[in-house]
Structures are given as structure tokens and as C-alpha cells.
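Have a look at target_11.txt; it's compact mmCIF, C-alpha atoms:
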# COMPACT_ATOMS: atom_id res chain seq x y z
CA MET E 892 -166.80 40.73 -80.41
CA ARG E 893 -169.82 39.18 -82.09
CA ALA E 894 -172.09 41.85 -80.54
CA ASP E 895 -170.03 44.61 -82.16
CA CYS E 896 -170.34 42.88 -85.56
CA ASP E 897 -174.10 42.55 -85.15
CA ASN E 898 -174.33 46.25 -84.24
CA VAL E 899 -172.27 47.36 -87.26
CA ASN E 900 -174.28 45.20 -89.67
CA LEU E 901 -177.61 46.38 -88.29
CA ASN E 902 -176.97 50.06 -87.55
CA LYS E 903 -173.69 50.87 -89.31
CA LYS E 904 -171.29 52.92 -87.19
CA LEU E 905 -169.70 56.35 -87.49
CA ALA E 906 -166.47 56.92 -85.56
CA ALA E 907 -166.26 60.73 -85.47
CA ASP E 908 -162.69 60.69 -84.12
CA PHE E 909 -161.37 57.39 -85.49
CA ARG E 910 -158.39 56.19 -83.41
CA GLY E 911 -157.57 59.68 -82.18
CA ASP E 912 -155.10 58.02 -79.80
CA VAL E 913 -153.02 56.97 -82.82
CA PHE E 914 -153.75 59.54 -85.56
CA GLY E 915 -154.77 62.65 -83.64
CA ALA E 916 -157.96 64.58 -84.29
CA GLY E 917 -159.86 64.79 -87.54
CA MET E 918 -160.06 61.27 -88.97
CA LYS E 919 -163.57 59.89 -89.47
CA GLY E 920 -164.55 56.28 -90.05
CA PHE E 921 -167.82 54.87 -91.40
CA PHE E 922 -168.17 51.15 -90.71
CA TYR E 923 -170.71 49.45 -92.96
CA ARG E 924 -169.96 45.71 -92.78
CA CYS E 925 -168.51 43.30 -90.27
CA GLU E 926 -167.80 39.58 -90.30
CA ASN E 927 -166.95 37.58 -87.21
CA VAL E 928 -164.06 35.43 -88.48
CA GLY E 929 -163.08 33.81 -85.18
CA ALA E 930 -163.92 33.65 -81.50
CA ASP E 931 -161.79 36.73 -80.87
CA THR E 932 -161.51 38.32 -84.34
CA ASN E 933 -163.77 40.55 -86.44
CA GLU E 934 -163.10 41.80 -89.95
CA TYR E 935 -164.57 45.21 -90.82
CA TRP E 936 -165.26 47.05 -94.07
CA PHE E 937 -165.30 50.82 -93.80
CA THR E 938 -164.57 54.16 -95.38
CA ILE E 939 -162.09 56.52 -93.73
CA SER E 940 -161.82 60.23 -94.43
CA SER E 941 -159.40 62.91 -93.34
CA ALA E 942 -158.27 66.31 -94.57
CA ASP E 943 -154.74 65.33 -93.46
CA GLN E 944 -152.97 63.17 -96.08
CA GLY E 945 -150.40 62.16 -93.44
CA GLN E 946 -153.12 60.48 -91.37
CA ILE E 947 -154.17 58.37 -94.36
CA ASP E 948 -150.54 57.50 -95.10
CA GLN E 949 -150.09 56.38 -91.49
CA LEU E 950 -153.33 54.35 -91.58
CA CYS E 951 -152.23 52.52 -94.74
CA ASP E 952 -148.68 51.91 -93.49
CA PRO E 953 -148.47 48.23 -92.43
CA THR E 954 -145.85 49.11 -89.78
CA THR E 955 -148.17 51.42 -87.80
CA VAL E 956 -148.53 50.07 -84.26
CA TYR E 957 -151.96 50.23 -82.59
CA PRO E 958 -152.14 50.16 -78.79
CA ILE E 959 -154.55 47.87 -76.95
CA VAL E 960 -157.87 49.56 -76.18
CA ARG E 961 -160.46 48.69 -73.53
CA ASP E 962 -164.11 48.78 -74.60
CA VAL E 963 -165.84 49.67 -71.33
CA GLN E 964 -169.32 48.95 -72.70
CA ARG E 965 -168.47 45.31 -73.50
CA ASP E 966 -165.69 44.87 -70.91
CA THR E 967 -163.37 43.76 -73.71
CA TYR E 968 -159.82 44.55 -74.74
CA TRP E 969 -158.98 44.72 -78.44
CA VAL E 970 -156.19 45.74 -80.79
CA ASP E 971 -156.31 46.73 -84.46
CA GLU E 972 -154.12 44.85 -86.89
CA PRO E 973 -152.54 46.68 -89.84
CA PHE E 974 -155.13 48.06 -92.23
CA ALA E 975 -155.36 46.84 -95.82
CA CYS E 976 -156.11 49.97 -97.83
CA THR E 977 -157.68 48.86 -101.10
CA SER E 978 -158.21 52.28 -102.67
CA ARG E 979 -157.30 55.87 -101.94
CA ILE E 980 -159.09 58.83 -103.46
CA GLY E 981 -158.04 62.42 -102.91
CA PRO E 982 -159.74 65.68 -103.73
CA ALA E 983 -159.49 66.89 -107.30
Give the structure from the file, written as C-alpha cells.
Amino acid sequence: MRADCDNVNLNKKLAADFRGDVFGAGMKGFFYRCENVGADTNEYWFTISSADQGQIDQLCDPTTVYPIVRDVQRDTYWVDEPFACTSRIGPA
């Protein structure tokens, strides 16, 4: 997981279809900071956008369950923990 952190901190990362397996199409994520907080845990800072308010509500809901995903490039399995949404801004 350290390699993913290094990549985010160096290059930033745009997820054009952020967790489409959970939220469906249309959610975008821009990852701009990562900290490796343990041998098997990274903490990310990012901005998420969607035209669908329901997707944002689901993302910020601490009871949303995220399935395990396999990262083929790094031969690693990972799972997202509940997201801590610190601010939400909607269109005017």
C-alpha cells in the first residue's frame, strides 16, 4: 500500500468512476494526499464530486458497506472503511 501512497503524493490521482461498484456511474474522486498509517493501512485526502446527491449521501453514511477489491497492478486486496465527510458543498 505504500506504493499507492507514494503515487498519490507525487502524481495525485483522478478516479473518473469512483467506486462505481458501490455508487454506480458518475462519481469522480480527486486524491491529493496520502499517508501510510500502518503496514496495511493508508489514509487518503480527496475531493469527491457527483451530480447525484444520493451518491454523496451514501458516501457519507457510516453504515455503507464496501466490498473487497483486488488491485491487479499491485496484486493486493483492499477494502474501504467508512468515509469521514468533513464538508459538503452543493450547487447554488
Practice item. Please provide as a list in words all residues within 9 Å of region 915-921 of chain E, with the sequence filter that same-chain residues fewer than 4 positions apart are discarded (counting only C-alpha atoms). Key: Lys903, Lys904, Leu905, Ala906, Ala907, Asp908, Phe909, Arg910, Gly911, Trp936, Phe937, Thr938, Ile939, Ser940, Ser941, Ala942, Asp943, Gln946 and Ile947 of chain E
Report as CSV the residues of region 898-923 of chain E within 10 Å of region 956-972 of chain E, each with its shortest atom pair and distance in Å (one decimal), using all atoms listed in the file, ordered by chain and increasing residue number.
residue,atom,partner,partner_atom,distance
E:Arg910,CA,E:Tyr957,CA,8.8
E:Asp912,CA,E:Pro958,CA,8.5
E:Val913,CA,E:Tyr957,CA,6.8
E:Phe914,CA,E:Tyr957,CA,9.9
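CA of Ile980 (chain E) sits 28.2 Å away from CA of Val928 (chain E).
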Review point. With only C-alpha atoms as the basis for distance, which of E:Asn900, E:Ala930, E:Arg893, E:Phe974 is at the shortest distance from Cys951 (chain E)?
Key: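 The answer is E:Phe974, which sits nearest to Cys951 (chain E).
Going from CA of Tyr923 (chain E) over to CA of Val899 (chain E), you cover 6.3 Å.
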Study note, to complete from the structure: Separating CA of Asn927 (chain E) from CA of Asn902 (chain E), to the nearest tenth of an Å, is a gap of 16.0 Å
Review point. For Ser978 (chain E), which residue among E:Thr954, E:Cys925, E:Glu934, E:Asp948 is the nearest when counting all atoms listed in the file?
Key: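 Once distances to Ser978 (chain E) are computed over all atoms listed in the file, the minimum belongs to E:Asp948.
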Given 3 Å of margin on each side, can you work out the centre and size in Å (one decimal) of an axis-aligned box holding every listed atom of region 930-942 of chain E, as JSON?
{"center_x": -161.8, "center_y": 50.0, "center_z": -88.1, "size_x": 13.0, "size_y": 38.7, "size_z": 20.5}
Could you pull region 947-975 of chain E out of the block above and give me N, CA and C atoms, as a PDB file, in the first residue's frame?
ATOM      1  N   ILE E 947     -23.652  11.089  -2.840  1.00  0.00           N
ATOM      2  CA  ILE E 947     -22.893  11.750  -1.778  1.00  0.00           C
ATOM      3  C   ILE E 947     -23.445  11.337  -0.411  1.00  0.00           C
ATOM      4  N   ASP E 948     -24.767  11.261  -0.307  1.00  0.00           N
ATOM      5  CA  ASP E 948     -25.380  10.815   0.952  1.00  0.00           C
ATOM      6  C   ASP E 948     -24.898   9.407   1.306  1.00  0.00           C
ATOM      7  N   GLN E 949     -24.850   8.535   0.318  1.00  0.00           N
ATOM      8  CA  GLN E 949     -24.407   7.153   0.551  1.00  0.00           C
ATOM      9  C   GLN E 949     -22.925   7.119   0.936  1.00  0.00           C
ATOM     10  N   LEU E 950     -22.102   7.931   0.265  1.00  0.00           N
ATOM     11  CA  LEU E 950     -20.677   8.000   0.587  1.00  0.00           C
ATOM     12  C   LEU E 950     -20.470   8.429   2.031  1.00  0.00           C
ATOM     13  N   CYS E 951     -21.234   9.420   2.492  1.00  0.00           N
ATOM     14  CA  CYS E 951     -21.047   9.971   3.835  1.00  0.00           C
ATOM     15  C   CYS E 951     -21.757   9.172   4.919  1.00  0.00           C
ATOM     16  N   ASP E 952     -22.532   8.182   4.543  1.00  0.00           N
ATOM     17  CA  ASP E 952     -23.248   7.347   5.505  1.00  0.00           C
ATOM     18  C   ASP E 952     -22.279   6.321   6.102  1.00  0.00           C
ATOM     19  N   PRO E 953     -22.028   6.365   7.418  1.00  0.00           N
ATOM     20  CA  PRO E 953     -21.053   5.447   8.016  1.00  0.00           C
ATOM     21  C   PRO E 953     -21.465   3.976   7.964  1.00  0.00           C
ATOM     22  N   THR E 954     -22.712   3.679   7.586  1.00  0.00           N
ATOM     23  CA  THR E 954     -23.146   2.282   7.507  1.00  0.00           C
ATOM     24  C   THR E 954     -22.989   1.684   6.104  1.00  0.00           C
ATOM     25  N   THR E 955     -22.526   2.482   5.135  1.00  0.00           N
ATOM     26  CA  THR E 955     -22.315   1.956   3.782  1.00  0.00           C
ATOM     27  C   THR E 955     -21.235   0.884   3.829  1.00  0.00           C
ATOM     28  N   VAL E 956     -21.515  -0.257   3.212  1.00  0.00           N
ATOM     29  CA  VAL E 956     -20.589  -1.388   3.191  1.00  0.00           C
ATOM     30  C   VAL E 956     -19.841  -1.381   1.858  1.00  0.00           C
ATOM     31  N   TYR E 957     -18.527  -1.508   1.920  1.00  0.00           N
ATOM     32  CA  TYR E 957     -17.680  -1.520   0.728  1.00  0.00           C
ATOM     33  C   TYR E 957     -17.099  -2.911   0.537  1.00  0.00           C
ATOM     34  N   PRO E 958     -17.342  -3.517  -0.623  1.00  0.00           N
ATOM     35  CA  PRO E 958     -16.804  -4.856  -0.872  1.00  0.00           C
ATOM     36  C   PRO E 958     -15.289  -4.828  -1.045  1.00  0.00           C
ATOM     37  N   ILE E 959     -14.658  -5.960  -0.810  1.00  0.00           N
ATOM     38  CA  ILE E 959     -13.218  -6.111  -1.027  1.00  0.00           C
ATOM     39  C   ILE E 959     -12.934  -6.017  -2.526  1.00  0.00           C
ATOM     40  N   VAL E 960     -11.859  -5.336  -2.865  1.00  0.00           N
ATOM     41  CA  VAL E 960     -11.457  -5.127  -4.258  1.00  0.00           C
ATOM     42  C   VAL E 960     -10.046  -5.672  -4.446  1.00  0.00           C
ATOM     43  N   ARG E 961      -9.781  -6.233  -5.607  1.00  0.00           N
ATOM     44  CA  ARG E 961      -8.427  -6.698  -5.927  1.00  0.00           C
ATOM     45  C   ARG E 961      -7.776  -5.705  -6.867  1.00  0.00           C
ATOM     46  N   ASP E 962      -6.609  -5.204  -6.480  1.00  0.00           N
ATOM     47  CA  ASP E 962      -5.799  -4.321  -7.315  1.00  0.00           C
ATOM     48  C   ASP E 962      -4.842  -5.222  -8.094  1.00  0.00           C
ATOM     49  N   VAL E 963      -5.157  -5.449  -9.352  1.00  0.00           N
ATOM     50  CA  VAL E 963      -4.367  -6.364 -10.182  1.00  0.00           C
ATOM     51  C   VAL E 963      -2.937  -5.859 -10.339  1.00  0.00           C
ATOM     52  N   GLN E 964      -2.782  -4.549 -10.526  1.00  0.00           N
ATOM     53  CA  GLN E 964      -1.453  -3.964 -10.745  1.00  0.00           C
ATOM     54  C   GLN E 964      -0.499  -4.262  -9.590  1.00  0.00           C
ATOM     55  N   ARG E 965      -0.983  -4.215  -8.366  1.00  0.00           N
ATOM     56  CA  ARG E 965      -0.123  -4.438  -7.196  1.00  0.00           C
ATOM     57  C   ARG E 965      -0.370  -5.782  -6.527  1.00  0.00           C
ATOM     58  N   ASP E 966      -1.229  -6.611  -7.127  1.00  0.00           N
ATOM     59  CA  ASP E 966      -1.580  -7.924  -6.576  1.00  0.00           C
ATOM     60  C   ASP E 966      -1.923  -7.801  -5.093  1.00  0.00           C
ATOM     61  N   THR E 967      -2.862  -6.891  -4.813  1.00  0.00           N
ATOM     62  CA  THR E 967      -3.257  -6.580  -3.446  1.00  0.00           C
ATOM     63  C   THR E 967      -4.773  -6.542  -3.344  1.00  0.00           C
ATOM     64  N   TYR E 968      -5.286  -6.983  -2.214  1.00  0.00           N
ATOM     65  CA  TYR E 968      -6.708  -6.845  -1.920  1.00  0.00           C
ATOM     66  C   TYR E 968      -6.862  -5.714  -0.915  1.00  0.00           C
ATOM     67  N   TRP E 969      -7.922  -4.915  -1.054  1.00  0.00           N
ATOM     68  CA  TRP E 969      -8.154  -3.823  -0.120  1.00  0.00           C
ATOM     69  C   TRP E 969      -9.644  -3.593   0.055  1.00  0.00           C
ATOM     70  N   VAL E 970      -9.984  -2.913   1.139  1.00  0.00           N
ATOM     71  CA  VAL E 970     -11.378  -2.560   1.408  1.00  0.00           C
ATOM     72  C   VAL E 970     -11.399  -1.150   2.006  1.00  0.00           C
ATOM     73  N   ASP E 971     -12.358  -0.345   1.545  1.00  0.00           N
ATOM     74  CA  ASP E 971     -12.532   0.994   2.102  1.00  0.00           C
ATOM     75  C   ASP E 971     -13.265   0.894   3.431  1.00  0.00           C
ATOM     76  N   GLU E 972     -12.869   1.734   4.360  1.00  0.00           N
ATOM     77  CA  GLU E 972     -13.592   1.878   5.610  1.00  0.00           C
ATOM     78  C   GLU E 972     -14.586   3.019   5.418  1.00  0.00           C
ATOM     79  N   PRO E 973     -15.516   3.213   6.334  1.00  0.00           N
ATOM     80  CA  PRO E 973     -16.458   4.333   6.175  1.00  0.00           C
ATOM     81  C   PRO E 973     -15.717   5.655   5.989  1.00  0.00           C
ATOM     82  N   PHE E 974     -16.279   6.504   5.153  1.00  0.00           N
ATOM     83  CA  PHE E 974     -15.672   7.792   4.848  1.00  0.00           C
ATOM     84  C   PHE E 974     -16.086   8.833   5.871  1.00  0.00           C
ATOM     85  N   ALA E 975     -15.153   9.692   6.242  1.00  0.00           N
ATOM     86  CA  ALA E 975     -15.430  10.796   7.154  1.00  0.00           C
ATOM     87  C   ALA E 975     -15.577  12.055   6.313  1.00  0.00           C
TER      88      ALA E 975
END
